[in-house]
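Listing of final.txt, compact mmCIF, N, CA and C atoms
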```txt
# COMPACT_ATOMS: atom_id res chain seq x y z
N MET A 20 19.16 127.16 221.67
CA MET A 20 19.32 127.23 223.11
C MET A 20 18.67 126.01 223.76
N THR A 21 19.43 125.30 224.58
CA THR A 21 18.92 124.11 225.25
C THR A 21 18.85 124.37 226.74
N THR A 22 17.70 124.11 227.31
CA THR A 22 17.57 124.22 228.76
C THR A 22 17.19 122.85 229.30
N GLU A 23 17.65 122.57 230.51
CA GLU A 23 17.34 121.29 231.12
C GLU A 23 15.90 121.29 231.62
N ASN A 24 15.24 120.19 231.39
CA ASN A 24 13.88 120.02 231.88
C ASN A 24 13.96 119.62 233.35
N PRO A 25 13.39 120.41 234.26
CA PRO A 25 13.50 120.08 235.68
C PRO A 25 12.84 118.75 236.05
N LYS A 26 11.95 118.26 235.20
CA LYS A 26 11.32 116.97 235.49
C LYS A 26 12.25 115.81 235.16
N THR A 27 13.13 116.00 234.18
CA THR A 27 14.07 114.94 233.84
C THR A 27 15.42 115.13 234.53
N HIS A 28 15.70 116.33 234.99
CA HIS A 28 16.93 116.64 235.73
C HIS A 28 16.54 117.40 237.01
N PRO A 29 15.87 116.72 237.94
CA PRO A 29 15.32 117.42 239.10
C PRO A 29 16.34 118.05 240.03
N THR A 30 17.59 117.64 239.95
CA THR A 30 18.58 118.25 240.85
C THR A 30 19.39 119.36 240.20
N SER A 31 19.07 119.69 238.96
CA SER A 31 19.87 120.70 238.26
C SER A 31 19.90 122.03 238.99
N ASN A 32 18.81 122.40 239.63
CA ASN A 32 18.81 123.66 240.38
C ASN A 32 18.35 123.45 241.82
N ALA A 33 18.25 122.20 242.25
CA ALA A 33 17.74 121.91 243.59
C ALA A 33 18.77 122.21 244.67
N GLU A 34 20.04 122.05 244.36
CA GLU A 34 21.05 122.29 245.36
C GLU A 34 21.78 123.58 245.03
N LYS A 35 21.54 124.57 245.84
CA LYS A 35 22.14 125.88 245.66
C LYS A 35 22.95 126.18 246.91
N ASP A 36 24.10 126.75 246.75
CA ASP A 36 24.93 127.09 247.89
C ASP A 36 24.14 128.02 248.81
N PRO A 37 24.05 127.69 250.10
CA PRO A 37 23.30 128.55 251.03
C PRO A 37 23.76 130.00 251.00
N ALA A 38 25.00 130.24 250.68
CA ALA A 38 25.50 131.63 250.60
C ALA A 38 24.82 132.40 249.48
N ASP A 39 24.26 131.68 248.50
CA ASP A 39 23.59 132.33 247.37
C ASP A 39 22.08 132.46 247.55
N TRP A 40 21.54 131.97 248.67
CA TRP A 40 20.10 132.05 248.89
C TRP A 40 19.68 133.50 249.10
N THR A 41 18.59 133.90 248.47
CA THR A 41 18.12 135.27 248.66
C THR A 41 17.50 135.45 250.05
N THR A 42 17.03 134.36 250.66
CA THR A 42 16.44 134.44 252.00
C THR A 42 17.36 133.84 253.06
N GLY A 43 18.62 133.64 252.71
CA GLY A 43 19.56 132.98 253.61
C GLY A 43 19.82 133.70 254.90
N ASP A 44 19.59 135.02 254.93
CA ASP A 44 19.85 135.77 256.15
C ASP A 44 18.63 135.86 257.07
N GLU A 45 17.54 135.23 256.68
CA GLU A 45 16.36 135.19 257.54
C GLU A 45 16.55 134.13 258.62
N ALA A 46 15.74 134.20 259.65
CA ALA A 46 15.80 133.20 260.72
C ALA A 46 15.50 131.82 260.16
N MET A 47 16.14 130.80 260.73
CA MET A 47 15.91 129.44 260.26
C MET A 47 14.45 129.07 260.40
N THR A 48 14.03 128.13 259.59
CA THR A 48 12.63 127.69 259.63
C THR A 48 12.41 126.79 260.84
N GLY A 49 11.17 126.56 261.17
CA GLY A 49 10.83 125.67 262.27
C GLY A 49 11.32 124.26 262.01
N ALA A 50 11.22 123.81 260.76
CA ALA A 50 11.68 122.46 260.42
C ALA A 50 13.20 122.36 260.59
N GLN A 51 13.91 123.39 260.15
CA GLN A 51 15.37 123.39 260.33
C GLN A 51 15.72 123.36 261.82
N ALA A 52 15.05 124.17 262.61
CA ALA A 52 15.34 124.25 264.04
C ALA A 52 15.09 122.90 264.72
N SER A 53 13.99 122.26 264.38
CA SER A 53 13.66 120.97 264.97
C SER A 53 14.71 119.92 264.63
N TYR A 54 15.07 119.83 263.35
CA TYR A 54 16.04 118.83 262.91
C TYR A 54 17.43 119.14 263.47
N LEU A 55 17.78 120.41 263.47
CA LEU A 55 19.08 120.82 263.99
C LEU A 55 19.20 120.53 265.48
N LYS A 56 18.12 120.71 266.20
CA LYS A 56 18.14 120.41 267.64
C LYS A 56 18.38 118.91 267.85
N THR A 57 17.70 118.08 267.07
CA THR A 57 17.89 116.63 267.17
C THR A 57 19.33 116.25 266.84
N LEU A 58 19.85 116.80 265.74
CA LEU A 58 21.22 116.49 265.34
C LEU A 58 22.22 116.98 266.39
N SER A 59 21.99 118.15 266.93
CA SER A 59 22.89 118.70 267.94
C SER A 59 22.95 117.80 269.16
N GLU A 60 21.78 117.32 269.60
CA GLU A 60 21.74 116.41 270.75
C GLU A 60 22.50 115.13 270.45
N GLU A 61 22.30 114.56 269.26
CA GLU A 61 22.98 113.33 268.89
C GLU A 61 24.49 113.52 268.78
N ALA A 62 24.91 114.70 268.34
CA ALA A 62 26.34 114.97 268.17
C ALA A 62 26.99 115.48 269.45
N GLY A 63 26.19 115.70 270.50
CA GLY A 63 26.72 116.20 271.75
C GLY A 63 27.15 117.66 271.66
N GLU A 64 26.50 118.41 270.79
CA GLU A 64 26.82 119.82 270.62
C GLU A 64 25.66 120.68 271.09
N GLU A 65 25.98 121.92 271.43
CA GLU A 65 24.95 122.85 271.88
C GLU A 65 24.14 123.34 270.69
N PHE A 66 22.83 123.41 270.86
CA PHE A 66 21.93 123.92 269.81
C PHE A 66 21.93 125.43 269.83
N ASP A 67 22.15 126.04 268.68
CA ASP A 67 22.17 127.50 268.54
C ASP A 67 20.89 127.94 267.83
N ASP A 68 19.96 128.52 268.58
CA ASP A 68 18.67 128.89 267.99
C ASP A 68 18.71 130.24 267.28
N SER A 69 19.88 130.85 267.16
CA SER A 69 19.98 132.16 266.52
C SER A 69 20.51 132.08 265.08
N LEU A 70 20.68 130.87 264.56
CA LEU A 70 21.24 130.72 263.21
C LEU A 70 20.27 131.20 262.14
N THR A 71 20.84 131.68 261.03
CA THR A 71 20.03 132.04 259.87
C THR A 71 19.70 130.77 259.09
N LYS A 72 18.84 130.90 258.10
CA LYS A 72 18.51 129.75 257.25
C LYS A 72 19.77 129.16 256.62
N ALA A 73 20.62 130.03 256.08
CA ALA A 73 21.83 129.57 255.40
C ALA A 73 22.78 128.89 256.39
N ASP A 74 23.00 129.52 257.54
CA ASP A 74 23.91 128.94 258.52
C ASP A 74 23.36 127.64 259.10
N ALA A 75 22.04 127.59 259.29
CA ALA A 75 21.42 126.36 259.78
C ALA A 75 21.61 125.23 258.78
N SER A 76 21.47 125.53 257.50
CA SER A 76 21.66 124.52 256.47
C SER A 76 23.08 123.97 256.49
N LYS A 77 24.05 124.86 256.62
CA LYS A 77 25.45 124.44 256.68
C LYS A 77 25.71 123.59 257.92
N LYS A 78 25.13 124.00 259.06
CA LYS A 78 25.32 123.26 260.31
C LYS A 78 24.66 121.88 260.22
N ILE A 79 23.50 121.82 259.59
CA ILE A 79 22.83 120.54 259.40
C ILE A 79 23.72 119.60 258.59
N ASP A 80 24.29 120.09 257.50
CA ASP A 80 25.19 119.28 256.69
C ASP A 80 26.37 118.78 257.53
N GLU A 81 26.93 119.67 258.32
CA GLU A 81 28.08 119.33 259.16
C GLU A 81 27.71 118.24 260.18
N LEU A 82 26.57 118.42 260.83
CA LEU A 82 26.17 117.46 261.86
C LEU A 82 25.69 116.14 261.26
N GLN A 83 25.12 116.18 260.06
CA GLN A 83 24.75 114.93 259.39
C GLN A 83 26.00 114.10 259.13
N ALA A 84 27.06 114.75 258.70
CA ALA A 84 28.31 114.05 258.44
C ALA A 84 28.88 113.49 259.75
N LYS A 85 28.78 114.26 260.82
CA LYS A 85 29.32 113.86 262.10
C LYS A 85 28.54 112.69 262.70
N THR A 86 27.23 112.71 262.52
CA THR A 86 26.39 111.68 263.14
C THR A 86 26.08 110.51 262.21
N GLY A 87 26.40 110.65 260.94
CA GLY A 87 26.10 109.59 259.99
C GLY A 87 24.67 109.58 259.51
N ARG A 88 23.94 110.65 259.80
CA ARG A 88 22.55 110.77 259.35
C ARG A 88 22.48 111.46 258.01
N GLY A 89 21.34 111.36 257.38
CA GLY A 89 21.11 112.13 256.16
C GLY A 89 21.83 111.58 254.96
N LYS A 90 22.41 112.47 254.23
CA LYS A 90 22.98 112.21 252.91
C LYS A 90 23.82 110.99 252.81
```

Translate this file's structure into structure tokens.
Amino acid sequence: MTTENPKTHPTSNAEKDPADWTTGDEAMTGAQASYLKTLSEEAGEEFDDSLTKADASKKIDELQAKTGRGK
């Protein structure tokens, strides 16, 4: 049985679909809210402070693509 060493393959489990997060239905974190607010302002979109962690993550990805920030 071979398992990947997380030190040599740090992204092997780092990116998990937000839909699969066990805490995805909790309120977004303060860091997510802050970054999402900034991205929303830059994208000219309304900031939604009621998003869950998972939905906030998806929205951040969407707005990063729209604004050219991030990834």

* With only C-alpha atoms as the basis for distance, which of A:Gly87, A:Met47, A:Leu82, A:Pro37 is at the shortest distance from Glu60 (chain A)? ->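 For Glu60 (chain A), the nearest of the given residues is A:Leu82.
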
* **Distance criterion (all atoms listed in the file): nearest to Asp36 (chain A) out of A:Leu55, A:Ala73, A:Lys78, A:Gln83** =>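 Between A:Leu55, A:Ala73, A:Lys78, A:Gln83, the residue approaching Asp36 (chain A) most closely is A:Ala73.
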
Would you pick out the contacts of Arg88 (chain A) at 12 Å or less, using only C-alpha atoms, so that residues sharing its chain but fewer than 4 positions from it are not included, and give the list as an mmCIF file with N, CA and C atoms, keeping the file's coordinate frame?
```cif
data_model
loop_
_atom_site.group_PDB
_atom_site.id
_atom_site.type_symbol
_atom_site.label_atom_id
_atom_site.label_comp_id
_atom_site.auth_asym_id
_atom_site.auth_seq_id
_atom_site.Cartn_x
_atom_site.Cartn_y
_atom_site.Cartn_z
ATOM 1 N N TYR A 54 15.070 119.830 263.350
ATOM 2 C CA TYR A 54 16.040 118.830 262.910
ATOM 3 C C TYR A 54 17.430 119.140 263.470
ATOM 4 N N LEU A 55 17.780 120.410 263.470
ATOM 5 C CA LEU A 55 19.080 120.820 263.990
ATOM 6 C C LEU A 55 19.200 120.530 265.480
ATOM 7 N N THR A 57 17.700 118.080 267.070
ATOM 8 C CA THR A 57 17.890 116.630 267.170
ATOM 9 C C THR A 57 19.330 116.250 266.840
ATOM 10 N N LEU A 58 19.850 116.800 265.740
ATOM 11 C CA LEU A 58 21.220 116.490 265.340
ATOM 12 C C LEU A 58 22.220 116.980 266.390
ATOM 13 N N SER A 59 21.990 118.150 266.930
ATOM 14 C CA SER A 59 22.890 118.700 267.940
ATOM 15 C C SER A 59 22.950 117.800 269.160
ATOM 16 N N GLU A 61 22.300 114.560 269.260
ATOM 17 C CA GLU A 61 22.980 113.330 268.890
ATOM 18 C C GLU A 61 24.490 113.520 268.780
ATOM 19 N N ALA A 62 24.910 114.700 268.340
ATOM 20 C CA ALA A 62 26.340 114.970 268.170
ATOM 21 C C ALA A 62 26.990 115.480 269.450
ATOM 22 N N ILE A 79 23.500 121.820 259.590
ATOM 23 C CA ILE A 79 22.830 120.540 259.400
ATOM 24 C C ILE A 79 23.720 119.600 258.590
ATOM 25 N N ASP A 80 24.290 120.090 257.500
ATOM 26 C CA ASP A 80 25.190 119.280 256.690
ATOM 27 C C ASP A 80 26.370 118.780 257.530
ATOM 28 N N GLU A 81 26.930 119.670 258.320
ATOM 29 C CA GLU A 81 28.080 119.330 259.160
ATOM 30 C C GLU A 81 27.710 118.240 260.180
ATOM 31 N N LEU A 82 26.570 118.420 260.830
ATOM 32 C CA LEU A 82 26.170 117.460 261.860
ATOM 33 C C LEU A 82 25.690 116.140 261.260
ATOM 34 N N GLN A 83 25.120 116.180 260.060
ATOM 35 C CA GLN A 83 24.750 114.930 259.390
ATOM 36 C C GLN A 83 26.000 114.100 259.130
ATOM 37 N N ALA A 84 27.060 114.750 258.700
ATOM 38 C CA ALA A 84 28.310 114.050 258.440
ATOM 39 C C ALA A 84 28.880 113.490 259.750
#
```

* Asked: Suppose you want the space between CA of Thr48 (chain A) and CA of Thr71 (chain A); what is it in Å?
  -> 8.6 Å

Need the axis-aligned box for region 33-42 of chain A with 4 Å each side, so what are the centre and edges in Å to one decimal, as AutoDock Vina command-line options?
```
--center_x 21.0 --center_y 128.7 --center_z 247.7 --size_x 17.1 --size_y 21.5 --size_z 18.8
```

* Could you state the separation of atom N of Lys77 (chain A) and CA of Lys56 (chain A) in Å, given to one decimal place? ->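 Value for the atom N of Lys77 (chain A)-CA of Lys56 (chain A) distance: 13.3 Å.
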
* If you measure from CA of Asp74 (chain A) to CA of Asp44 (chain A), what distance in Å do you get, rounded to one decimal? -> 8.3 Å

* To do: In the coordinate frame of the file, compute which residues have an atom within 7 Å of (15.5, 135.5, 264.9) when using only N, CA and C atoms, and state them as a PyMOL selection string.
  => chain A and resi 45-47+68-70

* Selected residue of minimal separation from Asp67 (chain A) among A:Ala52, A:Gly43, A:Lys35, A:Lys85, counting all atoms listed in the file -> A:Ala52
